[in-house]
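Here is structure-v1.pdb, consisting of PDB, C-alpha atoms, pLDDT in the B column:
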```pdb
ATOM      1  CA  MET A   1       0.000   0.000   0.000  1.00 59.00           C
ATOM      2  CA  LYS A   2       1.412   3.376  -1.017  1.00 62.00           C
ATOM      3  CA  PRO A   3       1.622   5.924   1.829  1.00 63.00           C
ATOM      4  CA  LYS A   4      -0.660   8.944   1.629  1.00 67.00           C
ATOM      5  CA  PRO A   5       0.415  12.555   2.309  1.00 62.00           C
ATOM      6  CA  HIS A   6      -2.237  12.935   5.014  1.00 69.00           C
ATOM      7  CA  ASP A   7      -0.447  10.159   6.956  1.00 80.00           C
ATOM      8  CA  LEU A   8       2.384  12.605   7.734  1.00 93.00           C
ATOM      9  CA  SER A   9       3.000  14.540  10.934  1.00 93.00           C
ATOM     10  CA  ARG A  10       3.323  18.329  10.826  1.00 92.00           C
ATOM     11  CA  ARG A  11       7.140  18.116  10.874  1.00 94.00           C
ATOM     12  CA  GLU A  12       7.177  15.433   8.182  1.00 95.00           C
ATOM     13  CA  ARG A  13       4.991  17.639   5.967  1.00 95.00           C
ATOM     14  CA  GLN A  14       7.345  20.581   6.552  1.00 95.00           C
ATOM     15  CA  ILE A  15      10.310  18.460   5.480  1.00 96.00           C
ATOM     16  CA  MET A  16       8.504  17.172   2.399  1.00 96.00           C
ATOM     17  CA  ASP A  17       7.585  20.740   1.397  1.00 96.00           C
ATOM     18  CA  ILE A  18      11.227  21.835   1.721  1.00 97.00           C
ATOM     19  CA  ILE A  19      12.543  18.893  -0.282  1.00 96.00           C
ATOM     20  CA  HIS A  20       9.841  19.277  -2.925  1.00 95.00           C
ATOM     21  CA  ALA A  21      10.768  22.948  -3.395  1.00 96.00           C
ATOM     22  CA  ARG A  22      14.487  22.121  -3.735  1.00 96.00           C
ATOM     23  CA  SER A  23      14.238  18.717  -5.500  1.00 93.00           C
ATOM     24  CA  GLU A  24      16.861  17.379  -3.072  1.00 93.00           C
ATOM     25  CA  ALA A  25      18.430  18.420   0.210  1.00 95.00           C
ATOM     26  CA  THR A  26      20.734  17.298   2.984  1.00 95.00           C
ATOM     27  CA  ALA A  27      19.667  17.150   6.625  1.00 95.00           C
ATOM     28  CA  ALA A  28      21.575  20.418   7.179  1.00 95.00           C
ATOM     29  CA  ASP A  29      19.689  22.070   4.289  1.00 96.00           C
ATOM     30  CA  VAL A  30      16.359  20.923   5.712  1.00 97.00           C
ATOM     31  CA  SER A  31      17.248  22.048   9.222  1.00 96.00           C
ATOM     32  CA  ALA A  32      18.321  25.503   7.987  1.00 96.00           C
ATOM     33  CA  ALA A  33      15.074  25.934   6.033  1.00 97.00           C
ATOM     34  CA  MET A  34      12.722  24.859   8.839  1.00 95.00           C
ATOM     35  CA  PRO A  35      11.110  27.464  11.056  1.00 89.00           C
ATOM     36  CA  ASP A  36      11.733  26.598  14.711  1.00 91.00           C
ATOM     37  CA  ALA A  37      13.810  23.613  13.601  1.00 92.00           C
ATOM     38  CA  PRO A  38      14.327  20.619  15.870  1.00 94.00           C
ATOM     39  CA  SER A  39      17.858  19.355  16.523  1.00 96.00           C
ATOM     40  CA  TYR A  40      19.986  18.127  13.631  1.00 95.00           C
ATOM     41  CA  SER A  41      19.676  14.540  14.872  1.00 96.00           C
ATOM     42  CA  ALA A  42      15.880  14.894  15.020  1.00 97.00           C
ATOM     43  CA  VAL A  43      15.850  16.098  11.398  1.00 97.00           C
ATOM     44  CA  ARG A  44      17.969  13.098  10.395  1.00 96.00           C
ATOM     45  CA  ALA A  45      15.591  10.765  12.240  1.00 97.00           C
ATOM     46  CA  LEU A  46      12.579  12.320  10.492  1.00 97.00           C
ATOM     47  CA  LEU A  47      14.289  11.922   7.106  1.00 97.00           C
ATOM     48  CA  ARG A  48      14.937   8.250   7.901  1.00 96.00           C
ATOM     49  CA  ILE A  49      11.281   7.777   8.887  1.00 96.00           C
ATOM     50  CA  LEU A  50      10.126   9.413   5.642  1.00 96.00           C
ATOM     51  CA  GLU A  51      12.389   7.076   3.709  1.00 95.00           C
ATOM     52  CA  GLU A  52      11.013   4.053   5.589  1.00 95.00           C
ATOM     53  CA  LYS A  53       7.471   5.229   4.768  1.00 93.00           C
ATOM     54  CA  GLY A  54       8.422   5.353   1.073  1.00 93.00           C
ATOM     55  CA  PHE A  55       8.284   9.126   0.575  1.00 94.00           C
ATOM     56  CA  LEU A  56      12.027   9.707   0.126  1.00 95.00           C
ATOM     57  CA  LYS A  57      15.164   8.010  -1.140  1.00 94.00           C
ATOM     58  CA  HIS A  58      18.721   8.957  -0.338  1.00 94.00           C
ATOM     59  CA  ARG A  59      22.001   8.812  -2.191  1.00 92.00           C
ATOM     60  CA  GLU A  60      25.569   9.223  -1.027  1.00 90.00           C
ATOM     61  CA  ASP A  61      27.475  12.308  -2.167  1.00 90.00           C
ATOM     62  CA  GLY A  62      30.922  11.802  -0.691  1.00 88.00           C
ATOM     63  CA  PRO A  63      30.495  11.857   3.079  1.00 86.00           C
ATOM     64  CA  ARG A  64      26.976  13.341   2.863  1.00 87.00           C
ATOM     65  CA  TYR A  65      23.600  11.761   2.282  1.00 87.00           C
ATOM     66  CA  VAL A  66      21.346  13.710  -0.072  1.00 86.00           C
TER      67      VAL A  66
END
```
If you took the structure in this file and wrote it as structure tokens, what would it be?
Amino acid sequence: MKPKPHDLSRRERQIMDIIHARSEATAADVSAAMPDAPSYSAVRALLRILEEKGFLKHREDGPRYV
């Protein structure tokens, strides 16, 4: 079953909006663009959750994940 956008939390929707506007982003990019951003590790955890839900994919770019 494909996940639906309304299955996202407020923070997950914020992250998806940021990534959609940029096409791709690192955790640092997302954190910098979020109003009242959570910690960097929280952003990374949310990105991992979005990937597990099937909304995102990541790729390695040197030492970074995009």
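From CA of Val43 (chain A) back to CA of Leu56 (chain A), the distance works out to 13.5 Å.
If you look at CA of Ile19 (chain A) and CA of Ser31 (chain A), they are 11.1 Å away from each other.
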Practice prompt. To verify the selection step, state as a ChimeraX atom specification which residues the PyMOL selection byres ((chain A and resi 28) around 10) yields on this input.
Written response: /A:25-27,29-33,40-41,43-44,64,66
Practice prompt. Please write as JSON, numbers by chain the full residue list that the PyMOL selection byres ((chain A and resi 55) around 12) yields on this file.
Written response: {"A": [2, 3, 4, 5, 7, 8, 12, 13, 15, 16, 17, 19, 20, 46, 47, 48, 49, 50, 51, 52, 53, 54, 56, 57, 58]}
With 3 Å of padding per side, what axis-aligned box (centre and edge lengths, Å, one decimal) covers all the listed atoms of region 23-26 of chain A? Give it as JSON.
```
{"center_x": 17.5, "center_y": 18.0, "center_z": -1.3, "size_x": 12.5, "size_y": 7.4, "size_z": 14.5}
```
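Between Pro38 (chain A) and the candidates A:Tyr65, A:Gln14, A:Glu24, A:Glu60, the tightest atom-to-atom separation, counting all atoms listed in the file, involves A:Gln14.
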